[in-house]
Amino acid sequence: IIKLKRMYMLKEYRGKGIAQKIFDKLLNFAIKSKFNCVRLSTVPEMERAISFYRKNGFVELKNVNIKKEFPELKNESVKDLVFMERKLR
């Protein structure tokens with residue numbers, strides 16, 4: 001499992017395909033490195049980001065065991081997070 005922690009585009013660079021190119025590089029790296037999936041978390045208010053992730057094959061994870069599957073979030077408020085995953089194989 002490889003995890004995407006932060007991805008942000010400044011407003012003036014949005015809608016130009018830059019995020020997609022960066023994201024494609026990430027996915028190619030993950031596939032070549034033989035990871036079996038990519039996971040991430042975001043907040044529900046990031047509707048544009050969630051749409052982007054869905055367009056790129058991510059699905060929302062339900063009933064996530066935070067301590068086991070996202071231990072790096074132990075010090076963050078996770079109550080309102082959206083957890084997503086994309087299988088690579």
# chains A, B, ... in the order shown; residues from 1 in each chain; ligands from 1
call {"tool": "select_by_dssp", "arguments": {"residues": "chain A", "states": "helix (DSSP H, G or I)", "output": "PyMOL selection string"}}
result
chain A and resi 11-13+18-32+47-55+66-69+71-73
call {"tool": "write_last_selection", "arguments": {"atoms": "N, CA, C and O atoms", "output": "tab-separated table (two decimals), in the first residue's frame"}}
result
chain	number	residue	atom	x	y	z
A	11	LYS	N	-4.72	27.90	-7.33
A	11	LYS	CA	-5.86	28.20	-8.20
A	11	LYS	C	-5.45	28.51	-9.63
A	11	LYS	O	-6.10	28.10	-10.58
A	12	GLU	N	-4.37	29.27	-9.78
A	12	GLU	CA	-3.99	29.67	-11.14
A	12	GLU	C	-3.49	28.50	-12.00
A	12	GLU	O	-3.36	28.64	-13.21
A	13	TYR	N	-3.24	27.35	-11.39
A	13	TYR	CA	-2.78	26.19	-12.14
A	13	TYR	C	-3.86	25.12	-12.30
A	13	TYR	O	-3.64	24.11	-12.97
A	18	ILE	N	-2.33	19.83	-15.11
A	18	ILE	CA	-1.07	19.63	-14.38
A	18	ILE	C	-1.24	18.58	-13.29
A	18	ILE	O	-0.40	17.68	-13.15
A	19	ALA	N	-2.32	18.68	-12.52
A	19	ALA	CA	-2.55	17.70	-11.45
A	19	ALA	C	-2.65	16.29	-12.01
A	19	ALA	O	-2.13	15.34	-11.43
A	20	GLN	N	-3.30	16.15	-13.17
A	20	GLN	CA	-3.43	14.83	-13.78
A	20	GLN	C	-2.06	14.27	-14.17
A	20	GLN	O	-1.79	13.09	-13.97
A	21	LYS	N	-1.20	15.12	-14.71
A	21	LYS	CA	0.14	14.66	-15.10
A	21	LYS	C	0.94	14.22	-13.88
A	21	LYS	O	1.61	13.18	-13.91
A	22	ILE	N	0.86	14.99	-12.80
A	22	ILE	CA	1.56	14.62	-11.56
A	22	ILE	C	0.99	13.31	-11.02
A	22	ILE	O	1.73	12.41	-10.61
A	23	PHE	N	-0.33	13.22	-11.03
A	23	PHE	CA	-1.00	12.03	-10.52
A	23	PHE	C	-0.65	10.79	-11.34
A	23	PHE	O	-0.42	9.72	-10.79
A	24	ASP	N	-0.59	10.94	-12.65
A	24	ASP	CA	-0.20	9.83	-13.52
A	24	ASP	C	1.21	9.35	-13.18
A	24	ASP	O	1.48	8.14	-13.18
A	25	LYS	N	2.11	10.28	-12.89
A	25	LYS	CA	3.49	9.91	-12.49
A	25	LYS	C	3.47	9.11	-11.19
A	25	LYS	O	4.17	8.11	-11.06
A	26	LEU	N	2.65	9.56	-10.24
A	26	LEU	CA	2.53	8.84	-8.97
A	26	LEU	C	2.03	7.42	-9.21
A	26	LEU	O	2.59	6.46	-8.68
A	27	LEU	N	0.98	7.29	-10.00
A	27	LEU	CA	0.42	5.96	-10.26
A	27	LEU	C	1.42	5.06	-10.99
A	27	LEU	O	1.56	3.88	-10.65
A	28	ASN	N	2.13	5.61	-11.96
A	28	ASN	CA	3.14	4.83	-12.67
A	28	ASN	C	4.25	4.38	-11.73
A	28	ASN	O	4.70	3.23	-11.79
A	29	PHE	N	4.67	5.26	-10.83
A	29	PHE	CA	5.68	4.90	-9.83
A	29	PHE	C	5.16	3.77	-8.95
A	29	PHE	O	5.87	2.79	-8.69
A	30	ALA	N	3.92	3.90	-8.47
A	30	ALA	CA	3.35	2.89	-7.59
A	30	ALA	C	3.24	1.54	-8.28
A	30	ALA	O	3.55	0.50	-7.69
A	31	ILE	N	2.82	1.54	-9.54
A	31	ILE	CA	2.70	0.29	-10.30
A	31	ILE	C	4.07	-0.34	-10.53
A	31	ILE	O	4.26	-1.53	-10.29
A	32	LYS	N	5.03	0.46	-10.98
A	32	LYS	CA	6.39	-0.06	-11.22
A	32	LYS	C	7.04	-0.57	-9.94
A	32	LYS	O	7.86	-1.49	-9.96
A	47	GLU	N	-14.77	18.71	-2.54
A	47	GLU	CA	-15.58	18.04	-3.56
A	47	GLU	C	-14.84	17.91	-4.89
A	47	GLU	O	-14.93	16.88	-5.56
A	48	ARG	N	-14.10	18.93	-5.25
A	48	ARG	CA	-13.36	18.88	-6.52
A	48	ARG	C	-12.28	17.80	-6.47
A	48	ARG	O	-12.08	17.06	-7.44
A	49	ALA	N	-11.61	17.69	-5.34
A	49	ALA	CA	-10.58	16.66	-5.18
A	49	ALA	C	-11.20	15.27	-5.20
A	49	ALA	O	-10.69	14.36	-5.86
A	50	ILE	N	-12.31	15.10	-4.50
A	50	ILE	CA	-12.98	13.80	-4.47
A	50	ILE	C	-13.43	13.40	-5.87
A	50	ILE	O	-13.27	12.25	-6.29
A	51	SER	N	-13.94	14.35	-6.63
A	51	SER	CA	-14.32	14.09	-8.02
A	51	SER	C	-13.11	13.66	-8.84
A	51	SER	O	-13.18	12.72	-9.64
A	52	PHE	N	-11.99	14.35	-8.65
A	52	PHE	CA	-10.74	14.01	-9.34
A	52	PHE	C	-10.31	12.58	-9.01
A	52	PHE	O	-9.97	11.80	-9.89
A	53	TYR	N	-10.35	12.23	-7.73
A	53	TYR	CA	-9.95	10.88	-7.32
A	53	TYR	C	-10.89	9.83	-7.91
A	53	TYR	O	-10.44	8.79	-8.38
A	54	ARG	N	-12.18	10.10	-7.88
A	54	ARG	CA	-13.14	9.15	-8.46
A	54	ARG	C	-12.88	8.98	-9.95
A	54	ARG	O	-12.94	7.86	-10.47
A	55	LYS	N	-12.63	10.08	-10.63
A	55	LYS	CA	-12.33	10.02	-12.07
A	55	LYS	C	-11.10	9.15	-12.33
A	55	LYS	O	-10.97	8.53	-13.38
A	66	ILE	N	-9.22	2.80	11.45
A	66	ILE	CA	-8.25	3.90	11.37
A	66	ILE	C	-6.90	3.49	11.96
A	66	ILE	O	-5.86	3.71	11.34
A	67	LYS	N	-6.91	2.91	13.15
A	67	LYS	CA	-5.65	2.55	13.82
A	67	LYS	C	-4.82	1.58	13.00
A	67	LYS	O	-3.60	1.66	12.98
A	68	LYS	N	-5.49	0.68	12.30
A	68	LYS	CA	-4.78	-0.34	11.51
A	68	LYS	C	-4.42	0.17	10.11
A	68	LYS	O	-3.30	-0.02	9.65
A	69	GLU	N	-5.38	0.81	9.43
A	69	GLU	CA	-5.18	1.14	8.02
A	69	GLU	C	-4.62	2.53	7.77
A	69	GLU	O	-4.06	2.79	6.71
A	71	PRO	N	-2.61	4.48	10.41
A	71	PRO	CA	-2.01	4.80	11.70
A	71	PRO	C	-1.33	6.17	11.73
A	71	PRO	O	-1.18	6.77	12.80
A	72	GLU	N	-0.96	6.68	10.57
A	72	GLU	CA	-0.31	8.00	10.52
A	72	GLU	C	-1.26	9.12	10.91
A	72	GLU	O	-0.83	10.25	11.17
A	73	LEU	N	-2.54	8.83	10.99
A	73	LEU	CA	-3.54	9.84	11.35
A	73	LEU	C	-3.86	9.84	12.84
A	73	LEU	O	-4.80	10.48	13.28
call {"tool": "select_by_dssp", "arguments": {"residues": "chain A", "states": "strand (DSSP E)", "output": "ChimeraX atom specification"}}
result
/A:2-4,37-42,59-60,82-87
call {"tool": "atom_distance", "arguments": {"atom1": "atom CA of Gly17 of chain A", "atom2": "atom CA of Asn56 of chain A"}}
result
13.0 Å
call {"tool": "residues_around", "arguments": {"residues": "Arg6 of chain A", "least_positions_apart": "2", "cutoff": "10 Å", "atoms": "only C-alpha atoms", "output": "MDAnalysis selection string"}}
result
chainID A and resid 3:4 8 40:42
call {"tool": "residues_around", "arguments": {"residues": "Val59 of chain A", "least_positions_apart": "6", "cutoff": "9 Å", "atoms": "only C-alpha atoms", "output": "ChimeraX atom specification"}}
result
/A:53,83-86
call {"tool": "atom_distance", "arguments": {"atom1": "atom CA of Asp80 of chain A", "atom2": "atom CA of Met7 of chain A"}}
result
18.6 Å
call {"tool": "closest_residue", "arguments": {"among": "A:Val38, A:Leu61, A:Leu10, A:Ile2", "to": "Lys87 of chain A", "atoms": "only C-alpha atoms"}}
result
A:Val38
